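Q: mmCIF, N, CA and C atoms and all ligand atoms, saved as start.cif, coming up:
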```
data_upload
#
loop_
_atom_site.label_atom_id
_atom_site.label_comp_id
_atom_site.auth_asym_id
_atom_site.auth_seq_id
_atom_site.Cartn_x
_atom_site.Cartn_y
_atom_site.Cartn_z
N MET A 1 9.24 -22.23 18.75
CA MET A 1 10.24 -21.26 18.30
C MET A 1 9.67 -19.84 18.43
N THR A 2 10.44 -18.96 18.96
CA THR A 2 9.97 -17.58 19.09
C THR A 2 10.64 -16.70 18.04
N ASP A 3 9.96 -15.66 17.67
CA ASP A 3 10.47 -14.73 16.68
C ASP A 3 10.21 -13.32 17.20
N ASN A 4 11.28 -12.64 17.54
CA ASN A 4 11.14 -11.31 18.14
C ASN A 4 10.59 -10.28 17.18
N ASN A 5 10.54 -10.61 15.91
CA ASN A 5 10.03 -9.64 14.95
C ASN A 5 8.53 -9.74 14.76
N LEU A 6 7.89 -10.67 15.46
CA LEU A 6 6.44 -10.79 15.35
C LEU A 6 5.77 -9.66 16.11
N PRO A 7 4.58 -9.21 15.72
CA PRO A 7 3.91 -9.62 14.50
C PRO A 7 4.57 -9.02 13.26
N LYS A 8 4.32 -9.68 12.13
CA LYS A 8 4.89 -9.19 10.88
C LYS A 8 4.05 -9.72 9.72
N ILE A 9 4.32 -9.22 8.55
CA ILE A 9 3.69 -9.79 7.35
C ILE A 9 4.78 -10.18 6.36
N GLU A 10 4.40 -11.09 5.47
CA GLU A 10 5.24 -11.40 4.33
C GLU A 10 4.38 -11.23 3.08
N ILE A 11 4.95 -10.60 2.09
CA ILE A 11 4.26 -10.43 0.82
C ILE A 11 4.99 -11.25 -0.24
N ASN A 12 4.24 -12.10 -0.91
CA ASN A 12 4.81 -12.91 -1.99
C ASN A 12 4.88 -12.05 -3.26
N PRO A 13 6.07 -11.70 -3.68
CA PRO A 13 6.21 -10.78 -4.82
C PRO A 13 5.50 -11.26 -6.08
N GLU A 14 5.47 -12.57 -6.30
CA GLU A 14 4.87 -13.07 -7.54
C GLU A 14 3.35 -13.10 -7.50
N GLN A 15 2.75 -12.95 -6.31
CA GLN A 15 1.28 -12.93 -6.20
C GLN A 15 0.74 -11.50 -6.19
N CYS A 16 1.59 -10.55 -5.92
CA CYS A 16 1.15 -9.15 -5.78
C CYS A 16 1.00 -8.50 -7.14
N LYS A 17 -0.10 -7.71 -7.29
CA LYS A 17 -0.33 -6.99 -8.54
C LYS A 17 -0.12 -5.49 -8.38
N GLY A 18 0.39 -5.11 -7.21
CA GLY A 18 0.73 -3.70 -7.01
C GLY A 18 -0.47 -2.77 -6.96
N CYS A 19 -1.63 -3.27 -6.53
CA CYS A 19 -2.85 -2.45 -6.53
C CYS A 19 -2.84 -1.38 -5.44
N GLU A 20 -1.99 -1.55 -4.45
CA GLU A 20 -1.79 -0.58 -3.36
C GLU A 20 -2.91 -0.55 -2.33
N LEU A 21 -3.89 -1.46 -2.43
CA LEU A 21 -4.97 -1.46 -1.44
C LEU A 21 -4.44 -1.70 -0.03
N CYS A 22 -3.50 -2.62 0.11
CA CYS A 22 -2.94 -2.89 1.44
C CYS A 22 -2.20 -1.67 1.97
N ILE A 23 -1.55 -0.96 1.08
CA ILE A 23 -0.80 0.24 1.50
C ILE A 23 -1.76 1.30 2.02
N LEU A 24 -2.89 1.45 1.31
CA LEU A 24 -3.89 2.44 1.72
C LEU A 24 -4.56 2.06 3.03
N GLU A 25 -4.79 0.76 3.24
CA GLU A 25 -5.57 0.32 4.40
C GLU A 25 -4.75 0.11 5.66
N CYS A 26 -3.47 -0.11 5.55
CA CYS A 26 -2.68 -0.40 6.75
C CYS A 26 -2.67 0.78 7.72
N PRO A 27 -3.16 0.57 8.95
CA PRO A 27 -3.24 1.68 9.91
C PRO A 27 -1.88 2.14 10.41
N LYS A 28 -0.88 1.31 10.27
CA LYS A 28 0.46 1.67 10.73
C LYS A 28 1.36 2.16 9.60
N LYS A 29 0.86 2.11 8.39
CA LYS A 29 1.62 2.58 7.21
C LYS A 29 2.99 1.91 7.12
N VAL A 30 2.98 0.59 7.24
CA VAL A 30 4.25 -0.13 7.21
C VAL A 30 4.41 -0.96 5.93
N ILE A 31 3.57 -0.69 4.94
CA ILE A 31 3.72 -1.34 3.63
C ILE A 31 3.96 -0.24 2.61
N GLN A 32 4.86 -0.50 1.70
CA GLN A 32 5.14 0.47 0.65
C GLN A 32 5.31 -0.25 -0.68
N LEU A 33 5.16 0.51 -1.74
CA LEU A 33 5.40 -0.06 -3.06
C LEU A 33 6.91 -0.03 -3.29
N GLY A 34 7.44 -1.17 -3.67
CA GLY A 34 8.88 -1.24 -3.89
C GLY A 34 9.25 -0.70 -5.27
N LYS A 35 10.49 -0.87 -5.61
CA LYS A 35 10.98 -0.40 -6.91
C LYS A 35 11.21 -1.55 -7.88
N LYS A 36 11.17 -2.77 -7.33
CA LYS A 36 11.43 -3.92 -8.19
C LYS A 36 10.16 -4.39 -8.89
N ILE A 37 10.32 -5.14 -9.96
CA ILE A 37 9.20 -5.63 -10.77
C ILE A 37 9.20 -7.15 -10.74
N ASN A 38 7.99 -7.72 -10.56
CA ASN A 38 7.92 -9.18 -10.52
C ASN A 38 7.82 -9.77 -11.93
N GLN A 39 7.68 -11.08 -12.01
CA GLN A 39 7.74 -11.73 -13.32
C GLN A 39 6.56 -11.38 -14.22
N LEU A 40 5.46 -10.90 -13.61
CA LEU A 40 4.31 -10.49 -14.41
C LEU A 40 4.38 -9.02 -14.80
N GLY A 41 5.43 -8.34 -14.34
CA GLY A 41 5.61 -6.95 -14.72
C GLY A 41 5.02 -5.94 -13.76
N TYR A 42 4.60 -6.41 -12.58
CA TYR A 42 4.02 -5.51 -11.61
C TYR A 42 5.05 -5.05 -10.59
N THR A 43 5.01 -3.79 -10.24
CA THR A 43 5.76 -3.30 -9.10
C THR A 43 5.01 -3.77 -7.86
N TYR A 44 5.69 -4.46 -6.97
CA TYR A 44 4.98 -5.10 -5.87
C TYR A 44 5.21 -4.44 -4.52
N ALA A 45 4.26 -4.69 -3.63
CA ALA A 45 4.30 -4.10 -2.30
C ALA A 45 5.31 -4.83 -1.42
N GLU A 46 5.88 -4.10 -0.48
CA GLU A 46 6.87 -4.66 0.45
C GLU A 46 6.58 -4.17 1.87
N TYR A 47 6.81 -5.05 2.82
CA TYR A 47 6.76 -4.68 4.23
C TYR A 47 8.03 -3.91 4.56
N ILE A 48 7.91 -2.83 5.31
CA ILE A 48 9.11 -2.04 5.60
C ILE A 48 10.00 -2.70 6.66
N GLY A 49 9.48 -3.77 7.28
CA GLY A 49 10.34 -4.55 8.16
C GLY A 49 10.10 -4.36 9.64
N GLN A 50 9.32 -3.36 10.02
CA GLN A 50 8.99 -3.17 11.43
C GLN A 50 7.70 -2.36 11.55
N GLY A 51 7.06 -2.47 12.73
CA GLY A 51 5.90 -1.65 13.01
C GLY A 51 4.55 -2.32 12.82
N CYS A 52 4.53 -3.52 12.26
CA CYS A 52 3.26 -4.22 12.06
C CYS A 52 2.67 -4.63 13.40
N ILE A 53 1.34 -4.45 13.53
CA ILE A 53 0.66 -4.83 14.77
C ILE A 53 -0.17 -6.10 14.60
N GLY A 54 -0.07 -6.72 13.43
CA GLY A 54 -0.76 -7.99 13.21
C GLY A 54 -2.26 -7.89 13.12
N CYS A 55 -2.77 -6.74 12.72
CA CYS A 55 -4.23 -6.54 12.71
C CYS A 55 -4.93 -7.34 11.61
N GLY A 56 -4.21 -7.66 10.55
CA GLY A 56 -4.78 -8.45 9.46
C GLY A 56 -5.56 -7.66 8.43
N ILE A 57 -5.63 -6.34 8.60
CA ILE A 57 -6.41 -5.52 7.66
C ILE A 57 -5.87 -5.63 6.23
N CYS A 58 -4.57 -5.66 6.10
CA CYS A 58 -3.97 -5.78 4.76
C CYS A 58 -4.38 -7.09 4.10
N PHE A 59 -4.41 -8.15 4.89
CA PHE A 59 -4.79 -9.47 4.38
C PHE A 59 -6.20 -9.43 3.79
N TYR A 60 -7.13 -8.81 4.51
CA TYR A 60 -8.51 -8.75 4.05
C TYR A 60 -8.69 -7.75 2.91
N ALA A 61 -7.83 -6.75 2.85
CA ALA A 61 -7.92 -5.74 1.78
C ALA A 61 -7.39 -6.27 0.46
N CYS A 62 -6.47 -7.22 0.53
CA CYS A 62 -5.78 -7.69 -0.68
C CYS A 62 -6.67 -8.58 -1.54
N PRO A 63 -6.83 -8.24 -2.81
CA PRO A 63 -7.66 -9.06 -3.71
C PRO A 63 -6.96 -10.30 -4.24
N GLU A 64 -5.69 -10.45 -3.96
CA GLU A 64 -4.93 -11.59 -4.47
C GLU A 64 -4.72 -12.63 -3.38
N PRO A 65 -5.43 -13.76 -3.46
CA PRO A 65 -5.28 -14.78 -2.42
C PRO A 65 -3.84 -15.26 -2.34
N GLY A 66 -3.30 -15.29 -1.17
CA GLY A 66 -1.94 -15.80 -1.00
C GLY A 66 -0.84 -14.77 -1.12
N ALA A 67 -1.19 -13.54 -1.46
CA ALA A 67 -0.13 -12.54 -1.60
C ALA A 67 0.43 -12.12 -0.23
N ILE A 68 -0.46 -11.96 0.74
CA ILE A 68 -0.03 -11.49 2.06
C ILE A 68 -0.26 -12.58 3.10
N THR A 69 0.75 -12.83 3.91
CA THR A 69 0.61 -13.71 5.07
C THR A 69 0.89 -12.88 6.31
N VAL A 70 -0.01 -12.97 7.28
CA VAL A 70 0.16 -12.23 8.53
C VAL A 70 0.61 -13.19 9.62
N TYR A 71 1.69 -12.87 10.28
CA TYR A 71 2.19 -13.67 11.41
C TYR A 71 1.93 -12.88 12.69
N LYS A 72 1.01 -13.40 13.49
CA LYS A 72 0.65 -12.70 14.72
C LYS A 72 1.59 -13.06 15.85
N LYS A 73 1.54 -12.27 16.89
CA LYS A 73 2.39 -12.50 18.04
C LYS A 73 2.06 -13.84 18.69
N GLU A 74 3.09 -14.54 19.11
CA GLU A 74 2.84 -15.81 19.80
C GLU A 74 2.32 -15.54 21.19
N LYS A 75 1.35 -16.36 21.61
CA LYS A 75 0.73 -16.13 22.90
C LYS A 75 1.51 -16.83 24.01
S1 LIG B 1 -1.30 -6.69 9.68
FE1 LIG B 1 -2.10 -4.59 10.01
S2 LIG B 1 -0.33 -3.39 10.74
FE2 LIG B 1 0.48 -5.29 9.85
S3 LIG B 1 0.98 -4.69 7.73
FE3 LIG B 1 -1.11 -5.57 7.73
S4 LIG B 1 -2.50 -3.81 7.94
FE4 LIG B 1 -0.42 -3.13 8.52
S1 LIG B 2 -3.31 -5.44 -1.74
FE1 LIG B 2 -2.30 -7.36 -2.38
S2 LIG B 2 -2.08 -7.18 -4.61
FE2 LIG B 2 -2.52 -5.14 -3.81
S3 LIG B 2 -0.50 -4.19 -3.49
FE3 LIG B 2 -1.10 -5.16 -1.54
S4 LIG B 2 -0.20 -7.24 -1.61
FE4 LIG B 2 -0.19 -6.42 -3.68
#
```
Any chance you could give the structure as structure tokens?
A:
Amino acid sequence: MTDNNLPKIEINPEQCKGCELCILECPKKVIQLGKKINQLGYTYAEYIGQGCIGCGICFYACPEPGAITVYKKEK
């Protein structure tokens, strides 16, 4: 199956603590802090929906295992 939106990331709202490390580290600046609050009371990060290059930097920057999933381009 192909996905024309790849590469992309998905952020699990319930795993994110809103620390903003991924936002600071993303070279393309395609992650932002949203306005909604998760069940733990944190404002969580969101992918803006386009522009990700699949570098994985946000994944390695994030201290919360499982919060960010990076989907790279299919070869
Ligand atoms: S994979 Fe790279 S470009 Fe994509 S959101 Fe993460 S840091 Fe930004
Ligand atoms: S680095 Fe992880 S915990 Fe921090 S804002 Fe980004 S997704 Fe959320």
Q: What does the structure give for the distance between atom C of Phe59 of chain A and atom N of Thr43 of chain A, in Å to one decimal?
A: 18.8 Å
Q: Please check which protein, DNA or RNA residues sit within 7 Å of ligand LIG 2 (chain B), counting only C-alpha atoms and all ligand atoms, and write them as a list in words.
A: Ile11, Gln15, Cys16, Lys17, Gly18, Cys19, Glu20, Leu21, Cys22, Ile23, Tyr44, Ala45, Cys58, Ala61, Cys62, Pro63, Glu64, Ala67 and Ile68 of chain A
Q: Within 7 Å of ligand LIG 1 (chain B), which residues show up when you count all atoms listed in the file? List them as an MDAnalysis selection string, please.
A: chainID A and resid 7:9 22 25:31 47 51:59 70:71
Q: Could those residues be written to a file, using N, CA and C atoms, as a PDB file, in the coordinates of the input?
A:
```pdb
ATOM      1  N   PRO A   7       4.580  -9.210  15.720  1.00  0.00           N
ATOM      2  CA  PRO A   7       3.910  -9.620  14.500  1.00  0.00           C
ATOM      3  C   PRO A   7       4.570  -9.020  13.260  1.00  0.00           C
ATOM      4  N   LYS A   8       4.320  -9.680  12.130  1.00  0.00           N
ATOM      5  CA  LYS A   8       4.890  -9.190  10.880  1.00  0.00           C
ATOM      6  C   LYS A   8       4.050  -9.720   9.720  1.00  0.00           C
ATOM      7  N   ILE A   9       4.320  -9.220   8.550  1.00  0.00           N
ATOM      8  CA  ILE A   9       3.690  -9.790   7.350  1.00  0.00           C
ATOM      9  C   ILE A   9       4.780 -10.180   6.360  1.00  0.00           C
ATOM     10  N   CYS A  22      -3.500  -2.620   0.110  1.00  0.00           N
ATOM     11  CA  CYS A  22      -2.940  -2.890   1.440  1.00  0.00           C
ATOM     12  C   CYS A  22      -2.200  -1.670   1.970  1.00  0.00           C
ATOM     13  N   GLU A  25      -4.790   0.760   3.240  1.00  0.00           N
ATOM     14  CA  GLU A  25      -5.570   0.320   4.400  1.00  0.00           C
ATOM     15  C   GLU A  25      -4.750   0.110   5.660  1.00  0.00           C
ATOM     16  N   CYS A  26      -3.470  -0.110   5.550  1.00  0.00           N
ATOM     17  CA  CYS A  26      -2.680  -0.400   6.750  1.00  0.00           C
ATOM     18  C   CYS A  26      -2.670   0.780   7.720  1.00  0.00           C
ATOM     19  N   PRO A  27      -3.160   0.570   8.950  1.00  0.00           N
ATOM     20  CA  PRO A  27      -3.240   1.680   9.910  1.00  0.00           C
ATOM     21  C   PRO A  27      -1.880   2.140  10.410  1.00  0.00           C
ATOM     22  N   LYS A  28      -0.880   1.310  10.270  1.00  0.00           N
ATOM     23  CA  LYS A  28       0.460   1.670  10.730  1.00  0.00           C
ATOM     24  C   LYS A  28       1.360   2.160   9.600  1.00  0.00           C
ATOM     25  N   LYS A  29       0.860   2.110   8.390  1.00  0.00           N
ATOM     26  CA  LYS A  29       1.620   2.580   7.210  1.00  0.00           C
ATOM     27  C   LYS A  29       2.990   1.910   7.120  1.00  0.00           C
ATOM     28  N   VAL A  30       2.980   0.590   7.240  1.00  0.00           N
ATOM     29  CA  VAL A  30       4.250  -0.130   7.210  1.00  0.00           C
ATOM     30  C   VAL A  30       4.410  -0.960   5.930  1.00  0.00           C
ATOM     31  N   ILE A  31       3.570  -0.690   4.940  1.00  0.00           N
ATOM     32  CA  ILE A  31       3.720  -1.340   3.630  1.00  0.00           C
ATOM     33  C   ILE A  31       3.960  -0.240   2.610  1.00  0.00           C
ATOM     34  N   TYR A  47       6.810  -5.050   2.820  1.00  0.00           N
ATOM     35  CA  TYR A  47       6.760  -4.680   4.230  1.00  0.00           C
ATOM     36  C   TYR A  47       8.030  -3.910   4.560  1.00  0.00           C
ATOM     37  N   GLY A  51       7.060  -2.470  12.730  1.00  0.00           N
ATOM     38  CA  GLY A  51       5.900  -1.650  13.010  1.00  0.00           C
ATOM     39  C   GLY A  51       4.550  -2.320  12.820  1.00  0.00           C
ATOM     40  N   CYS A  52       4.530  -3.520  12.260  1.00  0.00           N
ATOM     41  CA  CYS A  52       3.260  -4.220  12.060  1.00  0.00           C
ATOM     42  C   CYS A  52       2.670  -4.630  13.400  1.00  0.00           C
ATOM     43  N   ILE A  53       1.340  -4.450  13.530  1.00  0.00           N
ATOM     44  CA  ILE A  53       0.660  -4.830  14.770  1.00  0.00           C
ATOM     45  C   ILE A  53      -0.170  -6.100  14.600  1.00  0.00           C
ATOM     46  N   GLY A  54      -0.070  -6.720  13.430  1.00  0.00           N
ATOM     47  CA  GLY A  54      -0.760  -7.990  13.210  1.00  0.00           C
ATOM     48  C   GLY A  54      -2.260  -7.890  13.120  1.00  0.00           C
ATOM     49  N   CYS A  55      -2.770  -6.740  12.720  1.00  0.00           N
ATOM     50  CA  CYS A  55      -4.230  -6.540  12.710  1.00  0.00           C
ATOM     51  C   CYS A  55      -4.930  -7.340  11.610  1.00  0.00           C
ATOM     52  N   GLY A  56      -4.210  -7.660  10.550  1.00  0.00           N
ATOM     53  CA  GLY A  56      -4.780  -8.450   9.460  1.00  0.00           C
ATOM     54  C   GLY A  56      -5.560  -7.660   8.430  1.00  0.00           C
ATOM     55  N   ILE A  57      -5.630  -6.340   8.600  1.00  0.00           N
ATOM     56  CA  ILE A  57      -6.410  -5.520   7.660  1.00  0.00           C
ATOM     57  C   ILE A  57      -5.870  -5.630   6.230  1.00  0.00           C
ATOM     58  N   CYS A  58      -4.570  -5.660   6.100  1.00  0.00           N
ATOM     59  CA  CYS A  58      -3.970  -5.780   4.760  1.00  0.00           C
ATOM     60  C   CYS A  58      -4.380  -7.090   4.100  1.00  0.00           C
ATOM     61  N   PHE A  59      -4.410  -8.150   4.890  1.00  0.00           N
ATOM     62  CA  PHE A  59      -4.790  -9.470   4.380  1.00  0.00           C
ATOM     63  C   PHE A  59      -6.200  -9.430   3.790  1.00  0.00           C
ATOM     64  N   VAL A  70      -0.010 -12.970   7.280  1.00  0.00           N
ATOM     65  CA  VAL A  70       0.160 -12.230   8.530  1.00  0.00           C
ATOM     66  C   VAL A  70       0.610 -13.190   9.620  1.00  0.00           C
ATOM     67  N   TYR A  71       1.690 -12.870  10.280  1.00  0.00           N
ATOM     68  CA  TYR A  71       2.190 -13.670  11.410  1.00  0.00           C
ATOM     69  C   TYR A  71       1.930 -12.880  12.690  1.00  0.00           C
TER      70      TYR A  71
END
```
Q: If you run DSSP on the backbone here, which positions in chain A get strand (DSSP E or B)? Please write them as an MDAnalysis selection string.
A: chainID A and resid 8:11 31:37 43:47 68:71
Q: Using the chain letters and numbers from this document, which residues of chain A does DSSP assign to helix (DSSP H, G or I), as a list in words?
A: Leu21, Cys22, Ile23, Leu24, Glu25, Ile57, Cys58, Phe59, Tyr60 and Ala61 of chain A
Q: Could you please determine the separation between atom N of Asn38 of chain A and atom CA of Gln50 of chain A in Å, to one decimal place?
A: 22.5 Å
Q: What is the distance between atom CA of Lys36 of chain A and atom CA of Lys72 of chain A, in Å to one decimal?
A: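 If I compute the distance from atom CA of Lys36 of chain A to atom CA of Lys72 of chain A, I get 26.8 Å.
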Q: Measuring between only C-alpha atoms, which one of A:Thr69, A:Glu74, A:Pro13, A:Leu24 shows the shortest distance to Ile37 of chain A?
A: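 With only C-alpha atoms as the atom set, the closest residue is A:Pro13.
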